[in-house]
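Here is the file work_29.pdb (PDB, C-alpha atoms).
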ATOM      1  CA  MET S   1     -20.614 -33.710   8.474
ATOM      2  CA  THR S   2     -17.408 -31.647   8.433
ATOM      3  CA  ASP S   3     -16.095 -33.910   5.674
ATOM      4  CA  ILE S   4     -19.101 -33.123   3.484
ATOM      5  CA  LEU S   5     -18.635 -29.419   4.234
ATOM      6  CA  PHE S   6     -14.956 -29.665   3.328
ATOM      7  CA  TYR S   7     -15.693 -31.251  -0.045
ATOM      8  CA  LEU S   8     -18.470 -28.748  -0.748
ATOM      9  CA  LEU S   9     -16.384 -25.691   0.167
ATOM     10  CA  SER S  10     -13.234 -26.841  -1.616
ATOM     11  CA  THR S  11     -15.209 -27.606  -4.783
ATOM     12  CA  LEU S  12     -16.806 -24.169  -4.605
ATOM     13  CA  THR S  13     -13.403 -22.527  -4.062
ATOM     14  CA  LEU S  14     -11.841 -24.269  -7.058
ATOM     15  CA  VAL S  15     -14.835 -23.711  -9.376
ATOM     16  CA  PHE S  16     -15.022 -20.016  -8.519
ATOM     17  CA  GLY S  17     -11.237 -19.770  -8.894
ATOM     18  CA  VAL S  18     -11.471 -21.167 -12.433
ATOM     19  CA  LEU S  19     -14.281 -18.711 -13.182
ATOM     20  CA  VAL S  20     -12.072 -15.804 -12.033
ATOM     21  CA  VAL S  21      -9.308 -16.811 -14.414
ATOM     22  CA  ALA S  22     -11.196 -18.159 -17.417
ATOM     23  CA  ASN S  23     -14.880 -17.301 -17.569
ATOM     24  CA  PRO S  24     -16.368 -18.710 -20.774
ATOM     25  CA  PHE S  25     -19.450 -16.480 -20.630
ATOM     26  CA  SER S  26     -18.067 -13.045 -19.930
ATOM     27  CA  ARG S  27     -14.868 -11.091 -20.567
ATOM     28  CA  ASN S  28     -15.875  -8.348 -18.189
ATOM     29  CA  PRO S  29     -13.335  -7.737 -15.371
ATOM     30  CA  VAL S  30     -16.183  -6.896 -12.970
ATOM     31  CA  THR S  31     -17.480 -10.471 -13.314
ATOM     32  CA  SER S  32     -14.038 -11.790 -12.442
ATOM     33  CA  ALA S  33     -13.903  -9.537  -9.390
ATOM     34  CA  MET S  34     -17.281 -10.844  -8.230
ATOM     35  CA  PHE S  35     -16.152 -14.445  -8.618
ATOM     36  CA  LEU S  36     -13.009 -13.540  -6.664
ATOM     37  CA  VAL S  37     -15.303 -12.445  -3.819
ATOM     38  CA  MET S  38     -17.040 -15.833  -3.959
ATOM     39  CA  THR S  39     -13.692 -17.667  -3.954
ATOM     40  CA  ILE S  40     -12.563 -15.731  -0.890
ATOM     41  CA  VAL S  41     -15.813 -16.283   0.989
ATOM     42  CA  SER S  42     -15.690 -20.041   0.392
ATOM     43  CA  MET S  43     -12.069 -20.010   1.483
ATOM     44  CA  ALA S  44     -13.121 -18.266   4.693
ATOM     45  CA  GLY S  45     -15.471 -21.236   5.166
ATOM     46  CA  LEU S  46     -12.464 -23.554   4.836
ATOM     47  CA  PHE S  47     -10.686 -21.467   7.494
ATOM     48  CA  VAL S  48     -13.659 -21.979   9.802
ATOM     49  CA  LEU S  49     -13.410 -25.731   9.207
ATOM     50  CA  LEU S  50      -9.751 -25.451  10.273
ATOM     51  CA  HIS S  51     -10.882 -23.647  13.453
ATOM     52  CA  ALA S  52      -9.120 -20.418  12.437
ATOM     53  CA  PHE S  53     -12.103 -18.235  13.247
ATOM     54  CA  PHE S  54     -10.260 -14.939  13.580
ATOM     55  CA  LEU S  55      -8.516 -15.404  10.235
ATOM     56  CA  ALA S  56     -11.841 -16.267   8.580
ATOM     57  CA  VAL S  57     -13.305 -12.959   9.747
ATOM     58  CA  ILE S  58     -10.160 -11.075   8.700
ATOM     59  CA  GLN S  59     -10.267 -12.808   5.318
ATOM     60  CA  VAL S  60     -13.828 -11.647   4.680
ATOM     61  CA  MET S  61     -13.220  -8.141   6.002
ATOM     62  CA  VAL S  62      -9.873  -7.386   4.372
ATOM     63  CA  TYR S  63     -10.119  -9.346   1.127
ATOM     64  CA  ALA S  64     -13.810  -9.448   0.307
ATOM     65  CA  GLY S  65     -14.262  -5.999   1.777
ATOM     66  CA  ALA S  66     -11.268  -3.761   1.161
ATOM     67  CA  VAL S  67      -9.246  -5.411  -1.596
ATOM     68  CA  ILE S  68     -12.176  -6.210  -3.893
ATOM     69  CA  VAL S  69     -13.621  -2.724  -3.441
ATOM     70  CA  LEU S  70     -10.222  -1.375  -4.486
ATOM     71  CA  PHE S  71     -10.251  -3.621  -7.564
ATOM     72  CA  LEU S  72     -13.795  -2.577  -8.517
ATOM     73  CA  PHE S  73     -12.903   1.063  -7.917
ATOM     74  CA  VAL S  74      -9.961   0.879 -10.323
ATOM     75  CA  ILE S  75     -11.947  -1.085 -12.913
ATOM     76  CA  MET S  76     -14.714   1.516 -12.871
ATOM     77  CA  LEU S  77     -12.197   4.385 -12.846
ATOM     78  CA  LEU S  78     -10.388   3.072 -15.900
ATOM     79  CA  ASP S  79     -13.713   2.118 -17.524
ATOM     80  CA  ILE S  80     -12.626  -1.214 -18.967
ATOM     81  CA  ASN S  81     -15.911  -2.831 -19.830
ATOM     82  CA  GLN S  82     -14.724  -5.376 -22.275
ATOM     83  CA  GLU S  83     -11.304  -6.835 -22.715
ATOM     84  CA  GLU S  84     -10.790  -6.399 -26.453
ATOM     85  CA  LYS S  85     -10.417  -9.514 -28.502
ATOM     86  CA  ARG S  86      -6.888 -10.265 -29.552
ATOM     87  CA  ARG S  87      -5.404 -12.860 -31.822
ATOM     88  CA  PHE S  88      -5.509 -16.069 -29.811
ATOM     89  CA  GLN S  89      -2.130 -17.781 -29.833
ATOM     90  CA  PHE S  90      -2.827 -21.479 -30.012
ATOM     91  CA  PHE S  91       0.771 -22.620 -29.624
ATOM     92  CA  GLY S  92       1.304 -20.485 -26.533
ATOM     93  CA  ALA S  93      -1.995 -21.540 -24.981
ATOM     94  CA  ILE S  94      -1.313 -25.248 -25.542
ATOM     95  CA  THR S  95       2.245 -25.154 -24.183
ATOM     96  CA  GLY S  96       1.142 -23.025 -21.246
ATOM     97  CA  GLY S  97      -1.733 -25.381 -20.464
ATOM     98  CA  ILE S  98       0.471 -28.471 -20.636
ATOM     99  CA  GLY S  99       3.128 -26.830 -18.465
ATOM    100  CA  LEU S 100       0.615 -25.747 -15.840
ATOM    101  CA  LEU S 101      -1.088 -29.144 -15.873
ATOM    102  CA  SER S 102       2.227 -30.898 -15.278
ATOM    103  CA  ILE S 103       3.104 -28.504 -12.429
ATOM    104  CA  ALA S 104      -0.277 -29.185 -10.789
ATOM    105  CA  LEU S 105       0.161 -32.932 -11.324
ATOM    106  CA  VAL S 106       3.643 -32.937  -9.767
ATOM    107  CA  MET S 107       2.458 -30.965  -6.730
ATOM    108  CA  VAL S 108      -0.619 -33.136  -6.128
ATOM    109  CA  LYS S 109       1.329 -36.355  -6.679
ATOM    110  CA  THR S 110       4.044 -35.219  -4.247
ATOM    111  CA  ILE S 111       1.505 -34.356  -1.577
ATOM    112  CA  THR S 112      -0.473 -37.577  -1.923
ATOM    113  CA  THR S 113       2.523 -39.926  -1.996
ATOM    114  CA  SER S 114       4.680 -38.273   0.688
ATOM    115  CA  ASN S 115       2.107 -39.069   3.385
ATOM    116  CA  VAL S 116       2.402 -35.666   5.056
ATOM    117  CA  GLY S 117      -0.516 -35.904   7.426
ATOM    118  CA  ALA S 118       0.237 -39.352   8.810
ATOM    119  CA  GLY S 119      -0.423 -39.656  12.517
ATOM    120  CA  LEU S 120      -1.461 -36.036  12.918
ATOM    121  CA  THR S 121      -4.800 -35.169  14.412
ATOM    122  CA  PRO S 122      -6.339 -31.731  14.140
ATOM    123  CA  GLU S 123      -6.096 -30.280  17.608
ATOM    124  CA  LEU S 124      -5.221 -26.590  17.436
ATOM    125  CA  GLU S 125      -7.945 -24.137  18.399
ATOM    126  CA  GLY S 126      -6.984 -20.818  16.829
ATOM    127  CA  SER S 127      -8.615 -18.667  19.476
ATOM    128  CA  THR S 128      -8.416 -14.909  19.134
ATOM    129  CA  ARG S 129      -7.000 -14.609  22.644
ATOM    130  CA  ALA S 130      -4.022 -16.880  21.884
ATOM    131  CA  LEU S 131      -3.455 -15.131  18.558
ATOM    132  CA  GLY S 132      -3.475 -11.704  20.168
ATOM    133  CA  THR S 133      -1.125 -12.791  22.950
ATOM    134  CA  ALA S 134       1.380 -14.165  20.444
ATOM    135  CA  LEU S 135       1.047 -11.076  18.276
ATOM    136  CA  PHE S 136       1.881  -8.668  21.088
ATOM    137  CA  THR S 137       4.618 -10.692  22.800
ATOM    138  CA  GLN S 138       6.591 -12.985  20.533
ATOM    139  CA  TYR S 139       5.746 -11.241  17.251
ATOM    140  CA  VAL S 140       5.739  -7.628  18.355
ATOM    141  CA  LEU S 141       8.652  -6.570  16.114
ATOM    142  CA  PRO S 142       7.121  -7.949  12.881
ATOM    143  CA  PHE S 143       3.848  -6.347  13.954
ATOM    144  CA  GLU S 144       5.473  -2.929  14.245
ATOM    145  CA  ILE S 145       7.251  -3.418  10.933
ATOM    146  CA  MET S 146       3.860  -4.156   9.366
ATOM    147  CA  GLY S 147       2.632  -0.809  10.639
ATOM    148  CA  ILE S 148       5.593   0.970   9.022
ATOM    149  CA  LEU S 149       5.008  -0.998   5.803
ATOM    150  CA  LEU S 150       1.389   0.165   5.678
ATOM    151  CA  LEU S 151       2.508   3.753   6.231
ATOM    152  CA  ILE S 152       5.071   3.486   3.425
ATOM    153  CA  ALA S 153       2.458   1.963   1.110
ATOM    154  CA  MET S 154       0.032   4.778   1.909
ATOM    155  CA  VAL S 155       2.606   7.498   1.227
ATOM    156  CA  GLY S 156       3.683   5.729  -1.968
ATOM    157  CA  VAL S 157       0.135   5.473  -3.259
ATOM    158  CA  ILE S 158      -0.520   9.168  -2.579
ATOM    159  CA  LEU S 159       2.694  10.068  -4.384
ATOM    160  CA  LEU S 160       1.860   7.818  -7.350
ATOM    161  CA  SER S 161      -1.628   9.246  -7.715
ATOM    162  CA  LYS S 162      -0.434  12.818  -8.140
ATOM    163  CA  LYS S 163      -1.071  14.303 -11.521
ATOM    164  CA  GLU S 164       2.489  15.381 -12.255
ATOM    165  CA  LEU S 165       5.306  13.073 -11.251
ATOM    166  CA  LYS S 166       8.491  15.081 -10.762
TER
ATOM    167  CA  MET F   1     -11.954 -41.364   4.348
ATOM    168  CA  GLN F   2     -11.211 -38.825   7.066
ATOM    169  CA  VAL F   3     -10.280 -35.396   5.751
ATOM    170  CA  GLY F   4      -6.646 -34.829   6.687
ATOM    171  CA  LEU F   5      -3.803 -32.441   6.037
ATOM    172  CA  GLU F   6      -3.137 -33.695   2.523
ATOM    173  CA  HIS F   7      -6.687 -32.894   1.413
ATOM    174  CA  TYR F   8      -6.214 -29.254   2.278
ATOM    175  CA  LEU F   9      -2.763 -29.227   0.663
ATOM    176  CA  VAL F  10      -4.181 -30.658  -2.573
ATOM    177  CA  VAL F  11      -6.840 -27.942  -2.676
ATOM    178  CA  SER F  12      -4.132 -25.355  -2.036
ATOM    179  CA  ALA F  13      -1.904 -26.740  -4.817
ATOM    180  CA  LEU F  14      -4.776 -26.766  -7.304
ATOM    181  CA  LEU F  15      -5.778 -23.204  -6.420
ATOM    182  CA  PHE F  16      -2.147 -22.102  -6.813
ATOM    183  CA  SER F  17      -2.047 -23.702 -10.278
ATOM    184  CA  ILE F  18      -5.266 -21.920 -11.264
ATOM    185  CA  GLY F  19      -3.750 -18.600 -10.182
ATOM    186  CA  LEU F  20      -0.526 -19.298 -12.066
ATOM    187  CA  LEU F  21      -2.560 -20.177 -15.163
ATOM    188  CA  GLY F  22      -4.288 -16.806 -14.871
ATOM    189  CA  VAL F  23      -0.993 -14.937 -14.594
ATOM    190  CA  VAL F  24       0.340 -16.711 -17.684
ATOM    191  CA  MET F  25      -2.848 -16.655 -19.745
ATOM    192  CA  ARG F  26      -4.613 -13.339 -19.197
ATOM    193  CA  ARG F  27      -3.443 -10.124 -20.880
ATOM    194  CA  ASN F  28      -5.249  -7.605 -18.717
ATOM    195  CA  LEU F  29      -3.068  -6.253 -15.905
ATOM    196  CA  ILE F  30      -5.987  -6.133 -13.449
ATOM    197  CA  LEU F  31      -6.880  -9.765 -14.142
ATOM    198  CA  ILE F  32      -3.229 -10.698 -13.593
ATOM    199  CA  TYR F  33      -3.433  -8.977 -10.214
ATOM    200  CA  MET F  34      -6.534 -10.952  -9.288
ATOM    201  CA  SER F  35      -4.754 -14.190 -10.206
ATOM    202  CA  LEU F  36      -1.852 -13.140  -7.966
ATOM    203  CA  GLU F  37      -4.350 -12.755  -5.134
ATOM    204  CA  LEU F  38      -5.564 -16.297  -5.798
ATOM    205  CA  MET F  39      -1.990 -17.593  -5.508
ATOM    206  CA  LEU F  40      -1.458 -15.745  -2.213
ATOM    207  CA  ASN F  41      -4.695 -17.207  -0.880
ATOM    208  CA  ALA F  42      -3.586 -20.704  -1.812
ATOM    209  CA  ALA F  43      -0.433 -20.202   0.242
ATOM    210  CA  ASN F  44      -2.554 -18.937   3.141
ATOM    211  CA  LEU F  45      -4.732 -22.041   3.048
ATOM    212  CA  ALA F  46      -1.679 -24.317   3.180
ATOM    213  CA  LEU F  47      -0.250 -22.363   6.135
ATOM    214  CA  VAL F  48      -3.495 -22.494   8.118
ATOM    215  CA  ALA F  49      -3.826 -26.232   7.461
ATOM    216  CA  PHE F  50      -0.240 -26.871   8.620
ATOM    217  CA  SER F  51      -0.856 -24.752  11.700
ATOM    218  CA  ARG F  52      -3.989 -26.693  12.621
ATOM    219  CA  PHE F  53      -2.504 -30.146  12.146
ATOM    220  CA  ASN F  54       0.812 -29.432  13.868
ATOM    221  CA  ASP F  55      -0.761 -27.691  16.872
ATOM    222  CA  ASN F  56       1.320 -24.581  16.312
ATOM    223  CA  LEU F  57      -0.024 -21.054  16.113
ATOM    224  CA  ASP F  58       2.880 -19.626  14.088
ATOM    225  CA  GLY F  59       1.279 -20.503  10.774
ATOM    226  CA  GLN F  60      -1.817 -18.462  11.533
ATOM    227  CA  LEU F  61       0.298 -15.461  12.546
ATOM    228  CA  MET F  62       2.187 -15.738   9.281
ATOM    229  CA  VAL F  63      -1.135 -15.698   7.420
ATOM    230  CA  PHE F  64      -2.048 -12.552   9.336
ATOM    231  CA  PHE F  65       1.132 -10.856   8.101
ATOM    232  CA  ILE F  66       0.651 -12.159   4.556
ATOM    233  CA  ILE F  67      -2.836 -10.625   4.429
ATOM    234  CA  THR F  68      -1.394  -7.260   5.528
ATOM    235  CA  VAL F  69       1.370  -7.361   2.932
ATOM    236  CA  ALA F  70      -1.099  -8.435   0.224
ATOM    237  CA  ALA F  71      -3.395  -5.525   1.033
ATOM    238  CA  SER F  72      -0.592  -2.967   0.748
ATOM    239  CA  GLU F  73       0.700  -4.698  -2.386
ATOM    240  CA  VAL F  74      -2.702  -4.392  -4.035
ATOM    241  CA  ALA F  75      -2.954  -0.706  -3.108
ATOM    242  CA  VAL F  76       0.482   0.146  -4.546
ATOM    243  CA  GLY F  77      -0.003  -2.069  -7.617
ATOM    244  CA  LEU F  78      -3.357  -0.599  -8.513
ATOM    245  CA  ALA F  79      -1.976   2.929  -8.081
ATOM    246  CA  LEU F  80       0.804   1.973 -10.501
ATOM    247  CA  ILE F  81      -1.771   0.623 -12.962
ATOM    248  CA  VAL F  82      -3.761   3.862 -12.769
ATOM    249  CA  ALA F  83      -0.602   5.939 -13.311
ATOM    250  CA  LEU F  84       0.342   3.726 -16.266
ATOM    251  CA  PHE F  85      -3.149   3.972 -17.730
ATOM    252  CA  ARG F  86      -2.983   7.772 -17.617
ATOM    253  CA  ARG F  87       0.137   7.749 -19.758
ATOM    254  CA  ARG F  88      -0.615   4.916 -22.176
ATOM    255  CA  GLN F  89      -4.413   4.488 -22.178
ATOM    256  CA  THR F  90      -4.205   0.721 -21.973
ATOM    257  CA  THR F  91      -3.935  -2.098 -19.442
ATOM    258  CA  ASN F  92      -3.031  -4.773 -21.946
ATOM    259  CA  VAL F  93       0.390  -6.230 -21.212
ATOM    260  CA  GLU F  94       1.185  -6.648 -24.916
ATOM    261  CA  ASP F  95       1.047  -2.878 -25.367
ATOM    262  CA  LEU F  96       3.265  -2.301 -22.324
ATOM    263  CA  ALA F  97       6.313  -4.132 -23.626
ATOM    264  CA  THR F  98       8.782  -1.226 -23.432
ATOM    265  CA  LEU F  99      10.540   0.092 -20.356
ATOM    266  CA  LYS F 100      10.284   3.699 -21.558
ATOM    267  CA  LEU F 101       7.031   5.483 -20.825
TER
END

What is this structure when it is put down as structure tokens?
Amino acid sequence: MTDILFYLLSTLTLVFGVLVVANPFSRNPVTSAMFLVMTIVSMAGLFVLLHAFFLAVIQVMVYAGAVIVLFLFVIMLLDINQEEKRRFQFFGAITGGIGLLSIALVMVKTITTSNVGAGLTPELEGSTRALGTALFTQYVLPFEIMGILLLIAMVGVILLSKKELK
Amino acid sequence: MQVGLEHYLVVSALLFSIGLLGVVMRRNLILIYMSLELMLNAANLALVAFSRFNDNLDGQLMVFFIITVAASEVAVGLALIVALFRRRQTTNVEDLATLKL
């Protein structure tokens, strides 16, 4: 049962990922953003299969909620309905495609032949309690640094959005 | 065949390649940002899979931090795109080839 779910969710993730990057039907950035939401939701399903329940919820809330809304907000603000057609560079596209395909092939081949998962059984239960305990004891310094990073990002964004940069 | 660690890693590698293809192929800055998000998510999936199969919670905590950094990165990056659009009226990377504004 979980195996079928894994294959279903991973296929959905990859198909939606391709549709984000290269949608043959629409050049509208809003469509890409919507497919990005679908990719992230199916990936949250994969997280659930890996028993990382807290991260699945965070994934949906932060990515599908906040980040995508930010993307849509900027797309609507800039009013880019249609990416204008440019001269399609065949040589660049072909070399890029071959390069990417070989990178993907090398990575997949390495993973499948190196036998990484041999003898390992899935046993970790990523409970929220354990995650919170680790976050506030062992990882308390990185956690605080994250807070400062968010503050810096907020101040930077406010500064960048001012009309006149001095 | 039982679904193991390598299955998740293959999915992660393929998703990373799709994101990299988007960064190389698309000309719109916002689409490039979305592809970057795909690549970050691929790394997250690999980390969660490693964490589950090695019985170690550190991977999940790292994913937690990566999500935070990605959120702030998107906020700053999109603010930069908006500031750039105000000056140049375009988000196409081919028109943004000079360092001078």

I'd like the interatomic distance between atom CA of Asn28 of chain F and atom CA of Leu14 of chain F, to a tenth of an Å. 22.3 Å

Might you spell out which residues the PyMOL selection byres ((chain F and resi 70) around 12) would select in the displayed file, as a ChimeraX atom specification? /S:59,62-63,66-67,146,149-150,153 /F:33-34,36-41,43-44,63-69,71-78

The PyMOL selection byres ((chain S and resi 32-43) around 6) on the file shown: which residues, as an MDAnalysis selection string? chainID S and resid 9 13 16:17 20 29:31 44:46 64

Spell out the residues picked by the PyMOL selection byres ((chain S and resi 99-102) around 10) here, as JSON, numbers by chain. {"S": [93, 94, 95, 96, 97, 98, 103, 104, 105, 106, 107, 108], "F": [14, 17, 18, 20, 21, 24]}

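One finds atom CA of His7 of chain F at 9.4 Å from atom CA of Ser10 of chain S.
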
Distance in Å - atom CA of Ser161 of chain S versus atom CA of Val93 of chain F: 20.6 Å

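If all atoms listed in the file are the atoms counted, then among F:Arg86, F:Met62, F:Thr98, F:Thr91 the closest residue to Phe143 of chain S is F:Met62.
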
Take every atom of segment 9-19 of chain S listed in the file, fit an axis-aligned box around them, add 5 Å per side, and give the centre and edge lengths in Å to one decimal as AutoDock Vina command-line options.
--center_x -14.0 --center_y -23.2 --center_z -6.5 --size_x 15.6 --size_y 18.9 --size_z 23.3

Local residues around (-10.8, -23.1, 9.1), at most 9 Å away, using all atoms listed in the file, as a PDB file with C-alpha atoms, in the coordinates of the input:
ATOM      1  CA  MET S  43     -12.069 -20.010   1.483  1.00  0.00           C
ATOM      2  CA  ALA S  44     -13.121 -18.266   4.693  1.00  0.00           C
ATOM      3  CA  GLY S  45     -15.471 -21.236   5.166  1.00  0.00           C
ATOM      4  CA  LEU S  46     -12.464 -23.554   4.836  1.00  0.00           C
ATOM      5  CA  PHE S  47     -10.686 -21.467   7.494  1.00  0.00           C
ATOM      6  CA  VAL S  48     -13.659 -21.979   9.802  1.00  0.00           C
ATOM      7  CA  LEU S  49     -13.410 -25.731   9.207  1.00  0.00           C
ATOM      8  CA  LEU S  50      -9.751 -25.451  10.273  1.00  0.00           C
ATOM      9  CA  HIS S  51     -10.882 -23.647  13.453  1.00  0.00           C
ATOM     10  CA  ALA S  52      -9.120 -20.418  12.437  1.00  0.00           C
ATOM     11  CA  PHE S  53     -12.103 -18.235  13.247  1.00  0.00           C
ATOM     12  CA  LEU S  55      -8.516 -15.404  10.235  1.00  0.00           C
ATOM     13  CA  ALA S  56     -11.841 -16.267   8.580  1.00  0.00           C
ATOM     14  CA  GLY S 126      -6.984 -20.818  16.829  1.00  0.00           C
TER      15      GLY S 126
ATOM     16  CA  LEU F  45      -4.732 -22.041   3.048  1.00  0.00           C
ATOM     17  CA  VAL F  48      -3.495 -22.494   8.118  1.00  0.00           C
ATOM     18  CA  ALA F  49      -3.826 -26.232   7.461  1.00  0.00           C
ATOM     19  CA  ARG F  52      -3.989 -26.693  12.621  1.00  0.00           C
TER      20      ARG F  52
END

Would you list the contacts of Leu78 of chain S as JSON, numbers by chain, taking every protein, DNA or RNA residue within 12 Å and counting only C-alpha atoms, but skipping same-chain residues closer than 4 positions in sequence? {"S": [29, 30, 71, 72, 73, 74, 82], "F": [29, 30, 78, 79, 81, 82, 83, 84, 85, 86, 88, 89, 90, 91]}

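Each of F:Asp58, F:Ala42, F:Arg87, F:Gln2 was checked against Lys163 of chain S using all atoms listed in the file; the smallest atom-to-atom distance is that of F:Arg87.
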
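Minimum atom-to-atom distance to chain F, evaluated using all atoms listed in the file, belongs to S:Leu14 out of S:Leu14, S:Met1, S:Gln138, S:Ile148.
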
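Shortest atom-to-atom contact with chain F among S:Pro24, S:Leu8, S:Arg129, S:Ala134: S:Ala134, counting all atoms listed in the file.
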